[in-house]
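Heads up, structure.cif below (mmCIF, C-alpha atoms):
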```cif
data_run
#
loop_
_atom_site.label_atom_id
_atom_site.label_comp_id
_atom_site.auth_asym_id
_atom_site.auth_seq_id
_atom_site.Cartn_x
_atom_site.Cartn_y
_atom_site.Cartn_z
CA MET U 219 -52.07 -33.91 4.87
CA ASP U 220 -54.57 -36.40 3.52
CA ARG U 221 -51.83 -37.89 1.33
CA ILE U 222 -49.57 -38.42 4.31
CA ASN U 223 -52.43 -39.85 6.33
CA GLN U 224 -53.34 -42.27 3.53
CA ARG U 225 -49.81 -43.59 3.45
CA PHE U 226 -49.91 -44.24 7.21
CA LYS U 227 -53.29 -45.93 6.86
CA ASN U 228 -51.72 -48.31 4.34
CA TYR U 229 -48.73 -48.92 6.63
CA LEU U 230 -50.95 -49.65 9.63
CA SER U 231 -52.74 -52.49 7.90
CA VAL U 232 -49.43 -54.09 6.87
CA LEU U 233 -47.86 -53.58 10.30
CA VAL U 234 -50.79 -55.13 12.17
CA ASP U 235 -50.51 -58.16 9.90
CA GLN U 236 -46.75 -58.32 10.51
CA PHE U 237 -47.27 -58.01 14.27
CA GLY U 238 -49.60 -61.01 14.18
CA ASN U 239 -47.21 -62.93 11.94
CA PRO U 240 -43.58 -61.81 12.35
CA LYS U 241 -42.45 -64.45 9.82
CA GLN U 242 -42.53 -62.74 6.44
CA GLU U 243 -41.55 -64.12 3.05
CA ALA U 244 -40.30 -60.69 1.98
CA ILE U 245 -39.89 -57.26 3.54
CA GLU U 246 -40.27 -53.85 1.98
CA GLY U 247 -38.96 -50.56 3.24
CA THR U 248 -40.96 -47.38 3.42
CA LYS U 249 -41.12 -44.81 0.69
CA PRO U 250 -39.71 -41.49 1.91
CA ILE U 251 -42.22 -38.80 2.80
CA TYR U 252 -41.09 -35.41 1.62
CA PHE U 253 -42.13 -32.31 3.51
CA ASN U 254 -40.86 -29.75 1.03
CA PHE U 255 -44.31 -29.23 -0.44
CA LEU U 256 -45.84 -28.76 3.01
CA GLU U 257 -43.21 -26.21 4.01
CA ALA U 258 -43.87 -24.33 0.77
CA ILE U 259 -47.60 -24.23 1.55
CA ILE U 260 -46.89 -22.89 5.05
CA ILE U 261 -44.73 -20.12 3.63
CA GLU U 262 -47.41 -19.23 1.08
CA LEU U 263 -50.11 -19.20 3.78
CA MET U 264 -48.08 -16.85 5.96
CA ALA U 265 -48.43 -14.20 3.26
CA THR U 266 -52.23 -14.49 3.30
CA LYS U 267 -54.96 -14.13 5.89
CA TYR U 268 -55.18 -17.96 6.07
CA SER U 269 -52.21 -18.60 8.32
CA LEU U 270 -51.97 -21.71 10.44
CA THR U 271 -52.63 -21.62 14.17
CA SER U 272 -49.80 -22.29 16.60
CA GLU U 273 -51.38 -25.68 17.39
CA GLN U 274 -51.38 -26.59 13.69
CA LEU U 275 -47.76 -25.50 13.32
CA ASP U 276 -46.84 -27.54 16.41
CA LEU U 277 -48.47 -30.61 14.88
CA ILE U 278 -46.54 -30.14 11.66
CA HIS U 279 -43.28 -29.70 13.58
CA ASN U 280 -43.99 -32.82 15.69
CA LEU U 281 -45.06 -34.72 12.59
CA LYS U 282 -41.76 -34.05 10.87
CA ALA U 283 -39.88 -35.51 13.83
CA LYS U 284 -42.31 -38.45 14.05
CA LEU U 285 -41.86 -39.23 10.33
CA TYR U 286 -38.10 -39.13 10.59
CA GLY U 287 -38.25 -41.51 13.57
CA PHE U 288 -40.77 -43.74 11.80
CA GLU U 289 -38.60 -44.13 8.72
CA LYS U 290 -35.51 -44.78 10.86
CA THR U 291 -37.29 -47.40 13.03
CA TYR U 292 -38.73 -49.06 9.92
CA GLN U 293 -35.28 -49.21 8.32
CA ASN U 294 -33.66 -50.53 11.52
CA ARG U 295 -36.34 -53.19 11.89
CA ASP U 296 -35.88 -54.35 8.29
CA ASP U 297 -32.08 -54.26 8.61
CA GLU U 298 -32.22 -56.35 11.78
CA ALA U 299 -34.66 -58.89 10.32
CA TYR U 300 -32.87 -62.13 9.97
CA ASN U 301 -33.30 -64.73 7.31
CA ALA U 302 -34.31 -68.10 8.68
CA MET U 303 -35.68 -71.37 7.41
CA ASP U 304 -38.68 -73.20 8.81
CA ASN U 305 -38.81 -76.98 9.23
CA THR U 306 -40.22 -77.41 5.71
CA GLY U 307 -37.23 -75.66 4.14
CA VAL U 308 -39.04 -72.38 3.35
CA ASN U 309 -36.99 -69.21 3.85
CA PHE U 310 -38.54 -66.32 5.75
CA PHE U 311 -37.58 -63.10 7.52
CA ARG U 312 -38.26 -62.80 11.24
CA LEU U 313 -39.21 -59.23 12.18
CA ASN U 314 -38.52 -57.80 15.63
CA PRO U 315 -41.98 -57.37 17.23
CA ASN U 316 -40.71 -54.52 19.44
CA HIS U 317 -39.89 -52.45 16.37
CA THR U 318 -43.18 -53.43 14.73
CA VAL U 319 -45.23 -52.37 17.74
CA GLN U 320 -43.37 -49.04 17.91
CA LEU U 321 -44.24 -48.49 14.24
CA ILE U 322 -47.88 -49.37 14.96
CA LEU U 323 -47.94 -46.78 17.76
CA ASP U 324 -46.46 -44.15 15.44
CA CYS U 325 -49.05 -44.97 12.77
CA ILE U 326 -51.96 -44.83 15.21
CA GLU U 327 -50.91 -41.48 16.62
CA THR U 328 -50.20 -40.00 13.19
CA ILE U 329 -53.50 -41.20 11.73
CA TYR U 330 -55.44 -39.98 14.75
CA PHE U 331 -53.91 -36.49 14.89
CA LEU U 332 -53.93 -35.94 11.12
CA ASP U 333 -57.60 -36.91 11.03
CA GLN U 334 -58.29 -34.43 13.84
CA PHE U 335 -56.22 -31.79 12.04
CA CYS U 336 -58.16 -32.24 8.78
CA SER U 337 -61.61 -32.45 10.36
CA GLN U 338 -61.29 -29.70 12.98
CA LYS U 339 -59.23 -27.29 10.89
CA GLU U 340 -58.62 -24.06 12.86
CA LYS U 341 -60.27 -25.53 15.98
CA PHE U 342 -57.61 -28.26 16.11
CA THR U 343 -55.71 -28.61 19.38
CA LEU U 344 -52.93 -30.94 20.52
CA SER U 345 -53.70 -30.48 24.19
CA GLN U 346 -56.70 -32.79 24.30
CA GLN U 347 -56.26 -35.87 26.49
CA VAL U 348 -57.24 -38.98 24.57
CA SER U 349 -56.63 -42.55 25.70
CA PHE U 350 -54.49 -44.89 23.66
CA GLN U 351 -57.48 -47.21 23.25
CA ASN U 352 -59.54 -44.35 21.78
CA LYS U 353 -56.74 -43.47 19.33
CA TYR U 354 -56.34 -47.16 18.49
CA GLN U 355 -60.05 -47.66 17.80
CA THR U 356 -60.29 -44.44 15.79
CA ALA U 357 -57.26 -45.30 13.64
CA PHE U 358 -58.54 -48.82 13.02
CA ARG U 359 -61.98 -47.50 12.07
CA LEU U 360 -60.44 -44.95 9.69
CA CYS U 361 -58.37 -47.73 8.10
CA ASP U 362 -61.28 -50.16 7.82
CA ILE U 363 -59.39 -52.64 10.00
CA GLU U 364 -61.68 -54.72 12.17
CA TYR U 365 -61.19 -53.99 15.87
CA ASN U 366 -60.02 -57.10 17.69
CA GLU U 367 -59.79 -56.90 21.48
CA GLU U 368 -57.19 -59.68 21.65
CA THR U 369 -54.90 -57.91 19.14
CA TYR U 370 -55.36 -54.64 21.03
CA LYS U 371 -54.35 -56.29 24.31
CA LYS U 372 -51.27 -57.91 22.72
CA ILE U 373 -50.16 -54.61 21.20
CA ASN U 374 -50.84 -52.76 24.45
CA ARG U 375 -48.88 -55.34 26.50
CA CYS U 376 -45.95 -55.10 24.12
CA LEU U 377 -46.02 -51.29 24.26
CA GLU U 378 -46.14 -51.36 28.07
CA GLN U 379 -43.06 -53.59 28.13
CA LEU U 380 -41.30 -51.43 25.57
CA LEU U 381 -42.20 -47.96 26.80
CA GLY U 382 -43.34 -48.49 30.37
CA LYS U 383 -46.88 -48.23 31.64
CA ILE U 384 -48.04 -45.02 29.91
CA PHE U 385 -51.32 -46.24 28.53
#
```

Represent the structure contained in this file as structure tokens.
Amino acid sequence: MDRINQRFKNYLSVLVDQFGNPKQEAIEGTKPIYFNFLEAIIIELMATKYSLTSEQLDLIHNLKAKLYGFEKTYQNRDDEAYNAMDNTGVNFFRLNPNHTVQLILDCIETIYFLDQFCSQKEKFTLSQQVSFQNKYQTAFRLCDIEYNEETYKKINRCLEQLLGKIF
């Protein structure tokens, strides 16, 4: 789980930069995240006294769906990026900020819940109510990204427009 979380921590830093500057000289896709090893561990654990709780299994199930959606959104965003030229003649790709902010949300939630999963172990629960701002601040702290209130407000406004007022 730490490996998956580390990958999302790396993505978050890049995505926040891309959100602030949607003009990019180059774009890179994601590397696929394979769950085969995790499923094998779950099967092995079921045969021992160290089985996962239902909350932990729910997180893993939700995480698989989240990762699939993340990779698909990332690919769609990169596919939709269009090549443009600025007034100095430099080519760049313009990224759709709506896709970027959705990816940021996915990263924040994944980083937050995987950190909780790893630190709380068998006491982990998905049912806790945590504000988006708390998840945001926690994810940024875990990624060593400086918290910036203005960036938070821009991301939150974009998410509200995209998803409705859920935060």

TODO: Quick one: residues within 9 Å of (-49.5, -42.0, 10.1) (file frame), counting all atoms listed in the file, please, as a PyMOL selection string.
DONE: chain U and resi 222-230+281+284-285+322+324-332

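Nearest residue to Asp235 (chain U) among U:Ile363, U:Leu381, U:Ile278, U:Leu270 is U:Ile363, counting all atoms listed in the file.
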
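For the file shown, the residue list from the PyMOL selection byres ((chain U and resi 294) around 12) reads Gly247, Thr248, Gly287, Phe288, Glu289, Lys290, Thr291, Tyr292, Gln293, Arg295, Asp296, Asp297, Glu298, Ala299, Tyr300, Leu313, Asn314, Asn316, His317, Thr318, Gln320 and Leu321 of chain U.
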
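Between CA of Tyr365 (chain U) and CA of Leu323 (chain U) there is a distance of 15.2 Å.
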
Open item on the list: For a test of reading the model, state the distance in Å between CA of Gly238 (chain U) and CA of Lys371 (chain U), rounded to one decimal.
Closed with: 12.1 Å

Open item on the list: When you count only C-alpha atoms, which of these residues is closest to Leu275 (chain U): U:Asn239, U:Thr343, U:Gln338, U:Thr356?
Closed with: U:Thr343

- [ ] Figure out the distance between CA of Tyr354 (chain U) and CA of Phe310 (chain U), please, to one decimal in Å.
- [x]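 Distance reported for this atom pair: 29.1 Å.
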
Open item on the list: My list of candidates is U:Asp220, U:Glu367, U:Glu273, U:Glu246. Which is closest to Lys341 (chain U) when distances are computed with all atoms listed in the file?
Closed with: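 That would be U:Glu273, the residue with the smallest distance to Lys341 (chain U).
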
Open item on the list: Please determine, counting all atoms listed in the file, which residue among U:Phe335, U:Lys241, U:Val308, U:Ser231 has the shortest atom-to-atom distance to Arg359 (chain U).
Closed with: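 The closest residue to Arg359 (chain U) is U:Ser231.
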
Task: U:Asn301, U:Ser349, U:Asn366, U:Gln379 ranked by distance to Val234 (chain U), top pick (using all atoms listed in the file) - done: U:Asn366

Open item on the list: If we count all atoms listed in the file and set the cut-off at 9 Å, which residues sit around Gln242 (chain U), ignoring sequence neighbours fewer than 2 positions away in its own chain? Please answer as number ranges by chain.
Closed with: U: 236, 239-240, 244-245, 309-313

- [ ] Using all atoms listed in the file, find the one residue out of U:Thr306, U:Phe237, U:Gln334, U:Glu340 that sits nearest to Ile373 (chain U).
- [x] U:Phe237

Repaired coordinates for region 325-352 of chain U (N, CA and C atoms) as a PDB file, in the frame of the given file:
```pdb
ATOM      1  N   CYS U 325     -47.967 -45.051  13.755  1.00  0.00           N
ATOM      2  CA  CYS U 325     -49.050 -44.970  12.770  1.00  0.00           C
ATOM      3  C   CYS U 325     -50.358 -44.537  13.419  1.00  0.00           C
ATOM      4  N   ILE U 326     -50.696 -45.154  14.532  1.00  0.00           N
ATOM      5  CA  ILE U 326     -51.960 -44.830  15.210  1.00  0.00           C
ATOM      6  C   ILE U 326     -52.001 -43.363  15.597  1.00  0.00           C
ATOM      7  N   GLU U 327     -50.934 -42.881  16.199  1.00  0.00           N
ATOM      8  CA  GLU U 327     -50.910 -41.480  16.620  1.00  0.00           C
ATOM      9  C   GLU U 327     -50.953 -40.537  15.416  1.00  0.00           C
ATOM     10  N   THR U 328     -50.210 -40.857  14.376  1.00  0.00           N
ATOM     11  CA  THR U 328     -50.200 -40.000  13.190  1.00  0.00           C
ATOM     12  C   THR U 328     -51.570 -39.981  12.526  1.00  0.00           C
ATOM     13  N   ILE U 329     -52.171 -41.128  12.352  1.00  0.00           N
ATOM     14  CA  ILE U 329     -53.500 -41.200  11.730  1.00  0.00           C
ATOM     15  C   ILE U 329     -54.511 -40.440  12.562  1.00  0.00           C
ATOM     16  N   TYR U 330     -54.474 -40.642  13.868  1.00  0.00           N
ATOM     17  CA  TYR U 330     -55.440 -39.980  14.750  1.00  0.00           C
ATOM     18  C   TYR U 330     -55.307 -38.455  14.658  1.00  0.00           C
ATOM     19  N   PHE U 331     -54.085 -37.944  14.854  1.00  0.00           N
ATOM     20  CA  PHE U 331     -53.910 -36.490  14.890  1.00  0.00           C
ATOM     21  C   PHE U 331     -54.091 -35.846  13.520  1.00  0.00           C
ATOM     22  N   LEU U 332     -53.685 -36.517  12.447  1.00  0.00           N
ATOM     23  CA  LEU U 332     -53.930 -35.940  11.120  1.00  0.00           C
ATOM     24  C   LEU U 332     -55.419 -35.913  10.796  1.00  0.00           C
ATOM     25  N   ASP U 333     -56.153 -36.923  11.227  1.00  0.00           N
ATOM     26  CA  ASP U 333     -57.600 -36.910  11.030  1.00  0.00           C
ATOM     27  C   ASP U 333     -58.224 -35.743  11.804  1.00  0.00           C
ATOM     28  N   GLN U 334     -57.783 -35.552  13.041  1.00  0.00           N
ATOM     29  CA  GLN U 334     -58.290 -34.430  13.840  1.00  0.00           C
ATOM     30  C   GLN U 334     -57.927 -33.097  13.183  1.00  0.00           C
ATOM     31  N   PHE U 335     -56.703 -32.999  12.698  1.00  0.00           N
ATOM     32  CA  PHE U 335     -56.220 -31.790  12.040  1.00  0.00           C
ATOM     33  C   PHE U 335     -57.090 -31.456  10.824  1.00  0.00           C
ATOM     34  N   CYS U 336     -57.383 -32.461  10.007  1.00  0.00           N
ATOM     35  CA  CYS U 336     -58.160 -32.240   8.780  1.00  0.00           C
ATOM     36  C   CYS U 336     -59.634 -31.970   9.082  1.00  0.00           C
ATOM     37  N   SER U 337     -60.181 -32.614  10.097  1.00  0.00           N
ATOM     38  CA  SER U 337     -61.610 -32.450  10.360  1.00  0.00           C
ATOM     39  C   SER U 337     -61.922 -31.208  11.199  1.00  0.00           C
ATOM     40  N   GLN U 338     -61.014 -30.843  12.105  1.00  0.00           N
ATOM     41  CA  GLN U 338     -61.290 -29.700  12.980  1.00  0.00           C
ATOM     42  C   GLN U 338     -60.744 -28.386  12.457  1.00  0.00           C
ATOM     43  N   LYS U 339     -59.844 -28.462  11.509  1.00  0.00           N
ATOM     44  CA  LYS U 339     -59.230 -27.290  10.890  1.00  0.00           C
ATOM     45  C   LYS U 339     -58.716 -26.304  11.937  1.00  0.00           C
ATOM     46  N   GLU U 340     -59.173 -25.058  11.937  1.00  0.00           N
ATOM     47  CA  GLU U 340     -58.620 -24.060  12.860  1.00  0.00           C
ATOM     48  C   GLU U 340     -58.977 -24.305  14.318  1.00  0.00           C
ATOM     49  N   LYS U 341     -59.908 -25.199  14.600  1.00  0.00           N
ATOM     50  CA  LYS U 341     -60.270 -25.530  15.980  1.00  0.00           C
ATOM     51  C   LYS U 341     -59.381 -26.650  16.540  1.00  0.00           C
ATOM     52  N   PHE U 342     -58.478 -27.158  15.709  1.00  0.00           N
ATOM     53  CA  PHE U 342     -57.610 -28.260  16.110  1.00  0.00           C
ATOM     54  C   PHE U 342     -56.750 -27.863  17.307  1.00  0.00           C
ATOM     55  N   THR U 343     -56.590 -28.820  18.245  1.00  0.00           N
ATOM     56  CA  THR U 343     -55.710 -28.610  19.380  1.00  0.00           C
ATOM     57  C   THR U 343     -54.978 -29.914  19.714  1.00  0.00           C
ATOM     58  N   LEU U 344     -53.730 -29.779  20.114  1.00  0.00           N
ATOM     59  CA  LEU U 344     -52.930 -30.940  20.520  1.00  0.00           C
ATOM     60  C   LEU U 344     -53.124 -31.263  21.992  1.00  0.00           C
ATOM     61  N   SER U 345     -53.658 -30.342  22.742  1.00  0.00           N
ATOM     62  CA  SER U 345     -53.700 -30.480  24.190  1.00  0.00           C
ATOM     63  C   SER U 345     -54.783 -31.413  24.714  1.00  0.00           C
ATOM     64  N   GLN U 346     -55.635 -31.902  23.838  1.00  0.00           N
ATOM     65  CA  GLN U 346     -56.700 -32.790  24.300  1.00  0.00           C
ATOM     66  C   GLN U 346     -56.134 -34.105  24.813  1.00  0.00           C
ATOM     67  N   GLN U 347     -56.683 -34.590  25.918  1.00  0.00           N
ATOM     68  CA  GLN U 347     -56.260 -35.870  26.490  1.00  0.00           C
ATOM     69  C   GLN U 347     -57.136 -36.973  25.919  1.00  0.00           C
ATOM     70  N   VAL U 348     -56.518 -37.883  25.186  1.00  0.00           N
ATOM     71  CA  VAL U 348     -57.240 -38.980  24.570  1.00  0.00           C
ATOM     72  C   VAL U 348     -56.504 -40.270  24.922  1.00  0.00           C
ATOM     73  N   SER U 349     -57.249 -41.279  25.323  1.00  0.00           N
ATOM     74  CA  SER U 349     -56.630 -42.550  25.700  1.00  0.00           C
ATOM     75  C   SER U 349     -56.043 -43.253  24.480  1.00  0.00           C
ATOM     76  N   PHE U 350     -55.065 -44.111  24.744  1.00  0.00           N
ATOM     77  CA  PHE U 350     -54.490 -44.890  23.660  1.00  0.00           C
ATOM     78  C   PHE U 350     -55.556 -45.759  23.013  1.00  0.00           C
ATOM     79  N   GLN U 351     -56.439 -46.342  23.808  1.00  0.00           N
ATOM     80  CA  GLN U 351     -57.480 -47.210  23.250  1.00  0.00           C
ATOM     81  C   GLN U 351     -58.384 -46.417  22.303  1.00  0.00           C
ATOM     82  N   ASN U 352     -58.710 -45.175  22.647  1.00  0.00           N
ATOM     83  CA  ASN U 352     -59.540 -44.350  21.780  1.00  0.00           C
ATOM     84  C   ASN U 352     -58.816 -44.058  20.465  1.00  0.00           C
TER      85      ASN U 352
END
```
